[in-house]
file start11.pdb (PDB, C-alpha atoms)
ATOM      1  CA  MET A   1      -1.459  13.148  22.889  1.00  0.00           C
ATOM      2  CA  LYS A   2       1.569  14.948  21.464  1.00  0.00           C
ATOM      3  CA  VAL A   3       0.970  16.669  18.145  1.00  0.00           C
ATOM      4  CA  VAL A   4       3.216  15.270  15.390  1.00  0.00           C
ATOM      5  CA  ARG A   5       4.805  17.718  12.954  1.00  0.00           C
ATOM      6  CA  VAL A   6       4.443  16.438   9.388  1.00  0.00           C
ATOM      7  CA  LEU A   7       6.257  17.496   6.242  1.00  0.00           C
ATOM      8  CA  LEU A   8       3.853  16.536   3.464  1.00  0.00           C
ATOM      9  CA  VAL A   9       5.259  15.642   0.034  1.00  0.00           C
ATOM     10  CA  GLY A  10       2.699  15.483  -2.764  1.00  0.00           C
ATOM     11  CA  ALA A  11       0.548  18.120  -1.101  1.00  0.00           C
ATOM     12  CA  LYS A  12      -1.403  19.087  -4.229  1.00  0.00           C
ATOM     13  CA  GLY A  13      -2.506  15.547  -5.062  1.00  0.00           C
ATOM     14  CA  ARG A  14      -5.785  13.971  -3.990  1.00  0.00           C
ATOM     15  CA  MET A  15      -4.235  12.178  -1.027  1.00  0.00           C
ATOM     16  CA  GLY A  16      -2.130  15.195  -0.068  1.00  0.00           C
ATOM     17  CA  GLN A  17      -5.214  17.384   0.111  1.00  0.00           C
ATOM     18  CA  ALA A  18      -7.077  14.740   2.128  1.00  0.00           C
ATOM     19  CA  ILE A  19      -4.192  14.472   4.624  1.00  0.00           C
ATOM     20  CA  ALA A  20      -4.021  18.243   5.043  1.00  0.00           C
ATOM     21  CA  ALA A  21      -7.767  18.360   5.708  1.00  0.00           C
ATOM     22  CA  ALA A  22      -7.593  15.544   8.284  1.00  0.00           C
ATOM     23  CA  ALA A  23      -4.468  16.728  10.124  1.00  0.00           C
ATOM     24  CA  GLU A  24      -5.956  18.823  12.920  1.00  0.00           C
ATOM     25  CA  ALA A  25      -8.453  16.173  14.015  1.00  0.00           C
ATOM     26  CA  ALA A  26      -5.651  13.567  13.931  1.00  0.00           C
ATOM     27  CA  ASP A  27      -3.355  15.516  16.303  1.00  0.00           C
ATOM     28  CA  ALA A  28      -0.981  16.481  13.499  1.00  0.00           C
ATOM     29  CA  VAL A  29       0.217  19.736  12.028  1.00  0.00           C
ATOM     30  CA  ILE A  30       1.445  20.123   8.456  1.00  0.00           C
ATOM     31  CA  VAL A  31       4.602  22.241   8.773  1.00  0.00           C
ATOM     32  CA  ALA A  32       4.951  22.452   4.986  1.00  0.00           C
ATOM     33  CA  GLY A  33       3.259  21.040   1.899  1.00  0.00           C
ATOM     34  CA  LEU A  34       5.635  20.325  -0.972  1.00  0.00           C
ATOM     35  CA  ASP A  35       5.334  19.239  -4.578  1.00  0.00           C
ATOM     36  CA  GLN A  36       7.603  18.716  -7.568  1.00  0.00           C
ATOM     37  CA  GLY A  37      10.270  21.395  -7.728  1.00  0.00           C
ATOM     38  CA  ASP A  38      10.053  22.417  -4.053  1.00  0.00           C
ATOM     39  CA  ASP A  39      13.116  22.188  -1.795  1.00  0.00           C
ATOM     40  CA  LEU A  40      12.622  19.256   0.594  1.00  0.00           C
ATOM     41  CA  ALA A  41      16.031  19.708   2.233  1.00  0.00           C
ATOM     42  CA  LYS A  42      15.195  23.319   3.149  1.00  0.00           C
ATOM     43  CA  GLU A  43      12.007  22.366   5.039  1.00  0.00           C
ATOM     44  CA  ILE A  44      12.911  19.028   6.620  1.00  0.00           C
ATOM     45  CA  GLY A  45      14.410  20.409   9.835  1.00  0.00           C
ATOM     46  CA  ALA A  46      11.038  21.625  11.134  1.00  0.00           C
ATOM     47  CA  CYS A  47       9.260  18.240  11.108  1.00  0.00           C
ATOM     48  CA  ASP A  48       9.086  15.029  13.128  1.00  0.00           C
ATOM     49  CA  THR A  49       8.392  12.858  10.099  1.00  0.00           C
ATOM     50  CA  ILE A  50       7.813  13.019   6.343  1.00  0.00           C
ATOM     51  CA  VAL A  51       4.597  11.748   4.761  1.00  0.00           C
ATOM     52  CA  ASP A  52       5.026  11.080   1.049  1.00  0.00           C
ATOM     53  CA  PHE A  53       2.276  10.641  -1.534  1.00  0.00           C
ATOM     54  CA  SER A  54       4.136  11.893  -4.583  1.00  0.00           C
ATOM     55  CA  HIS A  55       5.734   9.935  -7.423  1.00  0.00           C
ATOM     56  CA  PRO A  56       8.022   6.879  -7.418  1.00  0.00           C
ATOM     57  CA  SER A  57      10.679   8.808  -9.358  1.00  0.00           C
ATOM     58  CA  ALA A  58      11.143  10.993  -6.255  1.00  0.00           C
ATOM     59  CA  THR A  59      11.933   8.011  -4.003  1.00  0.00           C
ATOM     60  CA  ASP A  60      15.717   8.271  -4.307  1.00  0.00           C
ATOM     61  CA  GLU A  61      15.846  11.977  -3.404  1.00  0.00           C
ATOM     62  CA  ILE A  62      13.331  11.660  -0.573  1.00  0.00           C
ATOM     63  CA  CYS A  63      15.201   8.728   1.008  1.00  0.00           C
ATOM     64  CA  ARG A  64      18.552  10.485   0.640  1.00  0.00           C
ATOM     65  CA  ILE A  65      17.326  13.675   2.324  1.00  0.00           C
ATOM     66  CA  CYS A  66      15.530  11.758   5.095  1.00  0.00           C
ATOM     67  CA  LEU A  67      18.710   9.781   5.788  1.00  0.00           C
ATOM     68  CA  GLY A  68      20.776  12.963   5.936  1.00  0.00           C
ATOM     69  CA  ALA A  69      18.379  14.608   8.371  1.00  0.00           C
ATOM     70  CA  GLY A  70      17.643  11.476  10.412  1.00  0.00           C
ATOM     71  CA  LYS A  71      13.886  11.815   9.857  1.00  0.00           C
ATOM     72  CA  PRO A  72      11.487   8.843   9.616  1.00  0.00           C
ATOM     73  CA  LEU A  73       9.407   8.380   6.479  1.00  0.00           C
ATOM     74  CA  VAL A  74       5.815   7.327   5.855  1.00  0.00           C
ATOM     75  CA  THR A  75       5.097   6.653   2.188  1.00  0.00           C
ATOM     76  CA  GLY A  76       2.021   5.533   0.321  1.00  0.00           C
ATOM     77  CA  THR A  77       3.463   6.159  -3.134  1.00  0.00           C
ATOM     78  CA  THR A  78       2.884   3.188  -5.448  1.00  0.00           C
ATOM     79  CA  GLY A  79       3.967   2.149  -8.931  1.00  0.00           C
ATOM     80  CA  HIS A  80       7.671   1.729  -8.071  1.00  0.00           C
ATOM     81  CA  SER A  81       9.973  -0.019 -10.502  1.00  0.00           C
ATOM     82  CA  THR A  82      12.133  -2.860  -9.179  1.00  0.00           C
ATOM     83  CA  GLU A  83      15.064  -0.428  -8.916  1.00  0.00           C
ATOM     84  CA  GLU A  84      13.021   2.233  -7.079  1.00  0.00           C
ATOM     85  CA  ARG A  85      11.662  -0.339  -4.629  1.00  0.00           C
ATOM     86  CA  ALA A  86      15.232  -1.551  -4.002  1.00  0.00           C
ATOM     87  CA  LEU A  87      16.309   2.023  -3.162  1.00  0.00           C
ATOM     88  CA  LEU A  88      13.502   2.306  -0.627  1.00  0.00           C
ATOM     89  CA  GLU A  89      14.350  -1.021   0.988  1.00  0.00           C
ATOM     90  CA  LYS A  90      18.051  -0.107   1.142  1.00  0.00           C
ATOM     91  CA  ALA A  91      17.186   3.094   3.021  1.00  0.00           C
ATOM     92  CA  THR A  92      15.342   1.099   5.712  1.00  0.00           C
ATOM     93  CA  LYS A  93      18.667  -0.330   6.876  1.00  0.00           C
ATOM     94  CA  SER A  94      19.353   3.070   8.445  1.00  0.00           C
ATOM     95  CA  LEU A  95      15.903   4.698   8.476  1.00  0.00           C
ATOM     96  CA  PRO A  96      12.507   3.824   9.977  1.00  0.00           C
ATOM     97  CA  VAL A  97      10.030   3.674   7.093  1.00  0.00           C
ATOM     98  CA  VAL A  98       6.328   2.822   7.020  1.00  0.00           C
ATOM     99  CA  PHE A  99       5.523   1.752   3.473  1.00  0.00           C
ATOM    100  CA  SER A 100       1.982   0.745   2.643  1.00  0.00           C
ATOM    101  CA  PRO A 101       0.001   0.817  -0.582  1.00  0.00           C
ATOM    102  CA  ASN A 102      -3.093   1.452   1.503  1.00  0.00           C
ATOM    103  CA  PHE A 103      -3.416   3.085   4.940  1.00  0.00           C
ATOM    104  CA  SER A 104      -7.072   2.209   5.499  1.00  0.00           C
ATOM    105  CA  VAL A 105      -7.743   0.221   8.676  1.00  0.00           C
ATOM    106  CA  GLY A 106     -10.308  -1.845   6.777  1.00  0.00           C
ATOM    107  CA  VAL A 107      -7.947  -2.686   3.915  1.00  0.00           C
ATOM    108  CA  ASN A 108      -5.279  -3.813   6.351  1.00  0.00           C
ATOM    109  CA  ALA A 109      -7.870  -6.053   7.974  1.00  0.00           C
ATOM    110  CA  LEU A 110      -8.459  -7.364   4.425  1.00  0.00           C
ATOM    111  CA  PHE A 111      -4.726  -8.104   4.110  1.00  0.00           C
ATOM    112  CA  TRP A 112      -4.807 -10.069   7.384  1.00  0.00           C
ATOM    113  CA  LEU A 113      -7.987 -11.960   6.494  1.00  0.00           C
ATOM    114  CA  THR A 114      -6.691 -12.769   3.005  1.00  0.00           C
ATOM    115  CA  ARG A 115      -3.552 -14.336   4.405  1.00  0.00           C
ATOM    116  CA  LYS A 116      -5.533 -16.372   6.927  1.00  0.00           C
ATOM    117  CA  ALA A 117      -8.015 -17.572   4.298  1.00  0.00           C
ATOM    118  CA  ALA A 118      -5.189 -18.564   1.938  1.00  0.00           C
ATOM    119  CA  GLU A 119      -3.558 -20.544   4.753  1.00  0.00           C
ATOM    120  CA  MET A 120      -6.831 -22.322   5.580  1.00  0.00           C
ATOM    121  CA  LEU A 121      -8.036 -23.115   2.051  1.00  0.00           C
ATOM    122  CA  ASP A 122      -6.087 -25.665   0.033  1.00  0.00           C
ATOM    123  CA  LYS A 123      -4.841 -25.431  -3.534  1.00  0.00           C
ATOM    124  CA  ASP A 124      -8.189 -26.647  -4.899  1.00  0.00           C
ATOM    125  CA  PHE A 125      -9.366 -23.056  -4.430  1.00  0.00           C
ATOM    126  CA  ASP A 126      -8.484 -20.796  -7.358  1.00  0.00           C
ATOM    127  CA  LEU A 127      -7.342 -17.269  -6.506  1.00  0.00           C
ATOM    128  CA  GLU A 128      -8.545 -14.123  -8.288  1.00  0.00           C
ATOM    129  CA  ILE A 129      -8.267 -10.410  -7.423  1.00  0.00           C
ATOM    130  CA  VAL A 130     -10.428  -7.633  -8.873  1.00  0.00           C
ATOM    131  CA  GLU A 131      -9.763  -3.944  -8.184  1.00  0.00           C
ATOM    132  CA  THR A 132     -11.708  -0.863  -9.303  1.00  0.00           C
ATOM    133  CA  HIS A 133     -10.504   2.750  -9.224  1.00  0.00           C
ATOM    134  CA  HIS A 134     -11.361   6.155 -10.674  1.00  0.00           C
ATOM    135  CA  ARG A 135     -10.618   6.938 -14.298  1.00  0.00           C
ATOM    136  CA  LEU A 136      -7.651   9.201 -13.470  1.00  0.00           C
ATOM    137  CA  LYS A 137      -5.549   6.556 -11.700  1.00  0.00           C
ATOM    138  CA  LYS A 138      -2.281   6.153 -13.574  1.00  0.00           C
ATOM    139  CA  ASP A 139      -0.902   2.769 -12.406  1.00  0.00           C
ATOM    140  CA  ALA A 140      -2.363  -0.708 -12.700  1.00  0.00           C
ATOM    141  CA  PRO A 141      -2.807  -2.908 -10.886  1.00  0.00           C
ATOM    142  CA  SER A 142      -3.266  -0.822  -7.775  1.00  0.00           C
ATOM    143  CA  GLY A 143      -0.604  -1.095  -5.101  1.00  0.00           C
ATOM    144  CA  THR A 144      -3.185  -2.733  -2.841  1.00  0.00           C
ATOM    145  CA  ALA A 145      -4.038  -5.393  -5.432  1.00  0.00           C
ATOM    146  CA  LYS A 146      -0.354  -6.049  -6.032  1.00  0.00           C
ATOM    147  CA  LYS A 147       0.257  -6.522  -2.311  1.00  0.00           C
ATOM    148  CA  LEU A 148      -2.683  -8.914  -2.094  1.00  0.00           C
ATOM    149  CA  ALA A 149      -1.211 -10.922  -4.978  1.00  0.00           C
ATOM    150  CA  GLU A 150       2.225 -10.909  -3.343  1.00  0.00           C
ATOM    151  CA  MET A 151       0.711 -12.228  -0.115  1.00  0.00           C
ATOM    152  CA  LEU A 152      -1.105 -15.011  -1.935  1.00  0.00           C
ATOM    153  CA  CYS A 153       2.092 -15.922  -3.794  1.00  0.00           C
ATOM    154  CA  GLU A 154       3.935 -16.111  -0.496  1.00  0.00           C
ATOM    155  CA  VAL A 155       1.364 -18.438   1.074  1.00  0.00           C
ATOM    156  CA  ARG A 156       1.158 -20.665  -2.015  1.00  0.00           C
ATOM    157  CA  ASN A 157       4.950 -20.609  -2.668  1.00  0.00           C
ATOM    158  CA  LEU A 158       4.428 -19.055  -6.090  1.00  0.00           C
ATOM    159  CA  ASP A 159       6.471 -16.512  -8.060  1.00  0.00           C
ATOM    160  CA  TYR A 160       4.738 -13.204  -8.811  1.00  0.00           C
ATOM    161  CA  ALA A 161       6.443 -12.739 -12.184  1.00  0.00           C
ATOM    162  CA  LYS A 162       5.599 -16.255 -13.352  1.00  0.00           C
ATOM    163  CA  ASN A 163       2.261 -17.028 -11.727  1.00  0.00           C
ATOM    164  CA  VAL A 164       0.253 -13.781 -11.729  1.00  0.00           C
ATOM    165  CA  ALA A 165      -1.943 -13.227 -14.804  1.00  0.00           C
ATOM    166  CA  HIS A 166      -3.004  -9.636 -15.468  1.00  0.00           C
ATOM    167  CA  GLY A 167      -6.276 -10.080 -17.311  1.00  0.00           C
ATOM    168  CA  ARG A 168      -6.979 -12.686 -19.971  1.00  0.00           C
ATOM    169  CA  GLU A 169      -7.748 -12.562 -23.679  1.00  0.00           C
ATOM    170  CA  GLY A 170      -8.127 -15.026 -26.528  1.00  0.00           C
ATOM    171  CA  LEU A 171      -7.974 -18.801 -26.605  1.00  0.00           C
ATOM    172  CA  ILE A 172      -5.718 -19.224 -23.588  1.00  0.00           C
ATOM    173  CA  GLY A 173      -6.706 -22.750 -22.531  1.00  0.00           C
ATOM    174  CA  GLU A 174      -7.767 -23.967 -19.116  1.00  0.00           C
ATOM    175  CA  ARG A 175      -6.870 -22.036 -16.016  1.00  0.00           C
ATOM    176  CA  SER A 176      -3.667 -23.223 -14.375  1.00  0.00           C
ATOM    177  CA  ALA A 177      -3.833 -24.409 -10.770  1.00  0.00           C
ATOM    178  CA  VAL A 178      -0.808 -22.229  -9.982  1.00  0.00           C
ATOM    179  CA  GLU A 179      -2.250 -19.037 -11.451  1.00  0.00           C
ATOM    180  CA  ILE A 180      -3.446 -15.911  -9.653  1.00  0.00           C
ATOM    181  CA  GLY A 181      -5.613 -13.607 -11.744  1.00  0.00           C
ATOM    182  CA  VAL A 182      -5.453  -9.838 -11.194  1.00  0.00           C
ATOM    183  CA  HIS A 183      -7.967  -7.614 -12.974  1.00  0.00           C
ATOM    184  CA  SER A 184      -8.083  -3.797 -13.041  1.00  0.00           C
ATOM    185  CA  ILE A 185     -11.214  -1.747 -13.745  1.00  0.00           C
ATOM    186  CA  ARG A 186     -11.060   2.011 -14.273  1.00  0.00           C
ATOM    187  CA  GLY A 187     -14.013   4.386 -14.390  1.00  0.00           C
ATOM    188  CA  GLY A 188     -15.816   7.322 -12.873  1.00  0.00           C
ATOM    189  CA  ASP A 189     -14.759   8.567  -9.449  1.00  0.00           C
ATOM    190  CA  VAL A 190     -14.431   5.228  -7.607  1.00  0.00           C
ATOM    191  CA  VAL A 191     -12.098   5.767  -4.635  1.00  0.00           C
ATOM    192  CA  GLY A 192     -11.076   2.121  -4.424  1.00  0.00           C
ATOM    193  CA  ASP A 193     -12.715  -1.324  -4.345  1.00  0.00           C
ATOM    194  CA  HIS A 194     -10.827  -4.601  -3.871  1.00  0.00           C
ATOM    195  CA  THR A 195     -12.130  -8.172  -3.914  1.00  0.00           C
ATOM    196  CA  VAL A 196     -10.191 -11.384  -3.330  1.00  0.00           C
ATOM    197  CA  MET A 197     -11.975 -14.495  -4.587  1.00  0.00           C
ATOM    198  CA  PHE A 198     -11.290 -18.042  -3.443  1.00  0.00           C
ATOM    199  CA  ALA A 199     -13.191 -20.215  -5.935  1.00  0.00           C
ATOM    200  CA  GLY A 200     -13.560 -23.913  -5.110  1.00  0.00           C
ATOM    201  CA  ARG A 201     -15.805 -26.726  -6.278  1.00  0.00           C
ATOM    202  CA  GLY A 202     -19.354 -25.953  -5.245  1.00  0.00           C
ATOM    203  CA  GLU A 203     -18.457 -22.927  -3.162  1.00  0.00           C
ATOM    204  CA  ARG A 204     -16.800 -19.532  -3.392  1.00  0.00           C
ATOM    205  CA  LEU A 205     -15.459 -17.190  -0.714  1.00  0.00           C
ATOM    206  CA  GLU A 206     -15.091 -13.477  -1.499  1.00  0.00           C
ATOM    207  CA  LEU A 207     -13.429 -10.896   0.714  1.00  0.00           C
ATOM    208  CA  THR A 208     -14.264  -7.327  -0.321  1.00  0.00           C
ATOM    209  CA  HIS A 209     -13.337  -3.857   0.842  1.00  0.00           C
ATOM    210  CA  LYS A 210     -14.931  -0.704  -0.607  1.00  0.00           C
ATOM    211  CA  ALA A 211     -13.693   2.796   0.142  1.00  0.00           C
ATOM    212  CA  SER A 212     -16.105   5.705  -0.276  1.00  0.00           C
ATOM    213  CA  SER A 213     -13.805   8.493   0.939  1.00  0.00           C
ATOM    214  CA  ARG A 214     -10.071   9.243   0.932  1.00  0.00           C
ATOM    215  CA  GLU A 215     -10.431  10.423   4.518  1.00  0.00           C
ATOM    216  CA  THR A 216      -9.964   6.867   5.791  1.00  0.00           C
ATOM    217  CA  PHE A 217      -6.576   6.668   4.017  1.00  0.00           C
ATOM    218  CA  ALA A 218      -5.547  10.101   5.275  1.00  0.00           C
ATOM    219  CA  VAL A 219      -6.365   9.316   8.902  1.00  0.00           C
ATOM    220  CA  GLY A 220      -4.430   6.052   8.627  1.00  0.00           C
ATOM    221  CA  ALA A 221      -1.374   7.774   7.152  1.00  0.00           C
ATOM    222  CA  LEU A 222      -1.358  10.324   9.966  1.00  0.00           C
ATOM    223  CA  ARG A 223      -1.717   7.515  12.507  1.00  0.00           C
ATOM    224  CA  ALA A 224       1.365   5.926  10.946  1.00  0.00           C
ATOM    225  CA  ALA A 225       3.178   9.280  11.142  1.00  0.00           C
ATOM    226  CA  ARG A 226       2.601   9.417  14.903  1.00  0.00           C
ATOM    227  CA  TRP A 227       3.563   5.761  15.347  1.00  0.00           C
ATOM    228  CA  ILE A 228       6.857   5.796  13.419  1.00  0.00           C
ATOM    229  CA  VAL A 229       8.490   8.560  15.498  1.00  0.00           C
ATOM    230  CA  GLY A 230      11.019   6.948  17.832  1.00  0.00           C
ATOM    231  CA  HIS A 231      11.032   3.534  16.169  1.00  0.00           C
ATOM    232  CA  PRO A 232      14.336   1.920  15.134  1.00  0.00           C
ATOM    233  CA  PRO A 233      15.356   1.609  11.482  1.00  0.00           C
ATOM    234  CA  GLY A 234      13.416  -0.937   9.481  1.00  0.00           C
ATOM    235  CA  LEU A 235      10.702  -1.470   6.898  1.00  0.00           C
ATOM    236  CA  TYR A 236       7.284  -1.350   8.541  1.00  0.00           C
ATOM    237  CA  THR A 237       3.775  -1.734   7.162  1.00  0.00           C
ATOM    238  CA  MET A 238       0.397  -0.454   8.272  1.00  0.00           C
ATOM    239  CA  GLU A 239      -0.164  -3.910   9.742  1.00  0.00           C
ATOM    240  CA  ASP A 240       2.703  -3.136  12.145  1.00  0.00           C
ATOM    241  CA  VAL A 241       1.112   0.202  13.017  1.00  0.00           C
ATOM    242  CA  LEU A 242      -2.205  -1.513  13.800  1.00  0.00           C
ATOM    243  CA  GLY A 243      -0.611  -4.405  15.702  1.00  0.00           C
ATOM    244  CA  LEU A 244      -1.907  -6.984  13.221  1.00  0.00           C
ATOM    245  CA  THR A 245       1.520  -8.574  12.674  1.00  0.00           C
ATOM    246  CA  ALA A 246       1.518  -9.740  16.303  1.00  0.00           C
ATOM    247  CA  ALA A 247      -1.768 -11.531  15.605  1.00  0.00           C
ATOM    248  CA  LYS A 248      -0.483 -13.585  12.658  1.00  0.00           C
TER     249      LYS A 248
END
call {"tool": "encode", "arguments": {"input": "start11.pdb", "output": "structure tokens"}}
result
Amino acid sequence: MKVVRVLLVGAKGRMGQAIAAAAEAADAVIVAGLDQGDDLAKEIGACDTIVDFSHPSATDEICRICLGAGKPLVTGTTGHSTEERALLEKATKSLPVVFSPNFSVGVNALFWLTRKAAEMLDKDFDLEIVETHHRLKKDAPSGTAKKLAEMLCEVRNLDYAKNVAHGREGLIGERSAVEIGVHSIRGGDVVGDHTVMFAGRGERLELTHKASSRETFAVGALRAARWIVGHPPGLYTMEDVLGLTAAK
């Protein structure tokens, strides 16, 4: 298998360090590890692809430099504003991009199973999502939980802005049939737990994924880095990388 040359952005972060540690075993070499203030344009010529786990505010610059150099992008950065997400999606018209809030094989199986369960179970089943992460995580809900909610909205023909409830407090009345609850827990050193609940009358289905190490995310991101090289422009997900979209 050909070794892929990776330019790593966000190298000092938790995920950046995990990717660097996993690179050799994943047939990848990190040609440079960059962080805020480093010159991406200076280093980009030596790589096959960029892997980005930095900050959403860097999205515009990263996309612009990747477009100029004709280099594909793999990004797991979450917490984008509507404007930042639009910039990323605009770049995919001319650039192959794998964007995923979670590169774990197991989590992407959770995405697939969640969609299938939502398609099978009727609207009598209430939908709730609970995610737990370490105390240092800055954004909420997690990108994975948000994607799960977006998928459920798509299947149920709901609007994320109108139908997703982020926690509940006070005398709020009965739960709406067109509501999706999303709840964020922060504490300790939890790498990432996600549960999707389908609650019906007399029965409840729960789909849960628990991550105990960032290595699983790092290996998945490097797998995506190998996969994206040579693909045409477009917005891809880890489900594309794993071939799960063909199984929908």
call {"tool": "residues_around", "arguments": {"input": "start11.pdb", "residues": "Thr216 (chain A)", "least_positions_apart": "5", "cutoff": "8 Å", "atoms": "all atoms listed in the file", "output": "list in words"}}
result
Phe103, Ser104, Val105 and Ala211 of chain A
call {"tool": "closest_atom_pairs", "arguments": {"input": "start11.pdb", "of": "region 27-72 of chain A", "to": "region 228-231 of chain A", "cutoff": "10 Å", "atoms": "all atoms listed in the file", "output": "CSV"}}
result
residue,atom,partner,partner_atom,distance
A:Asp48,CA,A:Val229,CA,6.9
A:Thr49,CA,A:Val229,CA,6.9
A:Lys71,CA,A:Val229,CA,8.5
A:Pro72,CA,A:Val229,CA,6.6
call {"tool": "closest_residue", "arguments": {"input": "start11.pdb", "among": "A:Val6, A:Ile62, A:Ala118, A:Ala25", "to": "Ile50 (chain A)", "atoms": "all atoms listed in the file"}}
result
A:Val6
call {"tool": "resolve_selection", "arguments": {"input": "start11.pdb", "expression": "the PyMOL selection byres ((chain A and resi 58) around 12)", "output": "PyMOL selection string"}}
result
chain A and resi 9-10+35-38+40+52-57+59-65+75+77-81+84-85+87-88
call {"tool": "closest_residue", "arguments": {"input": "start11.pdb", "among": "A:Lys123, A:Ile44, A:Ala145, A:Ala224", "to": "Leu158 (chain A)", "atoms": "all atoms listed in the file"}}
result
A:Lys123
call {"tool": "residues_near_point", "arguments": {"input": "start11.pdb", "point": "(-5.1, -21.0, 5.0)", "cutoff": "12 Å", "atoms": "all atoms listed in the file", "output": "PDB file with C-alpha atoms, keeping the file's coordinate frame"}}
result
ATOM      1  CA  TRP A 112      -4.807 -10.069   7.384  1.00  0.00           C
ATOM      2  CA  LEU A 113      -7.987 -11.960   6.494  1.00  0.00           C
ATOM      3  CA  THR A 114      -6.691 -12.769   3.005  1.00  0.00           C
ATOM      4  CA  ARG A 115      -3.552 -14.336   4.405  1.00  0.00           C
ATOM      5  CA  LYS A 116      -5.533 -16.372   6.927  1.00  0.00           C
ATOM      6  CA  ALA A 117      -8.015 -17.572   4.298  1.00  0.00           C
ATOM      7  CA  ALA A 118      -5.189 -18.564   1.938  1.00  0.00           C
ATOM      8  CA  GLU A 119      -3.558 -20.544   4.753  1.00  0.00           C
ATOM      9  CA  MET A 120      -6.831 -22.322   5.580  1.00  0.00           C
ATOM     10  CA  LEU A 121      -8.036 -23.115   2.051  1.00  0.00           C
ATOM     11  CA  ASP A 122      -6.087 -25.665   0.033  1.00  0.00           C
ATOM     12  CA  LYS A 123      -4.841 -25.431  -3.534  1.00  0.00           C
ATOM     13  CA  ASP A 124      -8.189 -26.647  -4.899  1.00  0.00           C
ATOM     14  CA  PHE A 125      -9.366 -23.056  -4.430  1.00  0.00           C
ATOM     15  CA  MET A 151       0.711 -12.228  -0.115  1.00  0.00           C
ATOM     16  CA  LEU A 152      -1.105 -15.011  -1.935  1.00  0.00           C
ATOM     17  CA  GLU A 154       3.935 -16.111  -0.496  1.00  0.00           C
ATOM     18  CA  VAL A 155       1.364 -18.438   1.074  1.00  0.00           C
ATOM     19  CA  ARG A 156       1.158 -20.665  -2.015  1.00  0.00           C
ATOM     20  CA  PHE A 198     -11.290 -18.042  -3.443  1.00  0.00           C
ATOM     21  CA  LYS A 248      -0.483 -13.585  12.658  1.00  0.00           C
TER      22      LYS A 248
END
call {"tool": "residues_around", "arguments": {"input": "start11.pdb", "residues": "His209 (chain A)", "least_positions_apart": "2", "cutoff": "9 Å", "atoms": "only C-alpha atoms", "output": "ChimeraX atom specification"}}
result
/A:106-107,110,192-195,207,211
call {"tool": "residues_around", "arguments": {"input": "start11.pdb", "residues": "Val191 (chain A)", "least_positions_apart": "5", "cutoff": "7 Å", "atoms": "only C-alpha atoms", "output": "mmCIF file with C-alpha atoms, in the frame of the given file"}}
result
data_model
loop_
_atom_site.group_PDB
_atom_site.id
_atom_site.type_symbol
_atom_site.label_atom_id
_atom_site.label_comp_id
_atom_site.auth_asym_id
_atom_site.auth_seq_id
_atom_site.Cartn_x
_atom_site.Cartn_y
_atom_site.Cartn_z
ATOM 1 C CA HIS A 133 -10.504 2.750 -9.224
ATOM 2 C CA HIS A 134 -11.361 6.155 -10.674
ATOM 3 C CA ALA A 211 -13.693 2.796 0.142
ATOM 4 C CA SER A 212 -16.105 5.705 -0.276
ATOM 5 C CA SER A 213 -13.805 8.493 0.939
ATOM 6 C CA ARG A 214 -10.071 9.243 0.932
#
call {"tool": "closest_residue", "arguments": {"input": "start11.pdb", "among": "A:Leu148, A:Ala32, A:Val3, A:Leu127", "to": "Trp227 (chain A)", "atoms": "only C-alpha atoms"}}
result
A:Val3
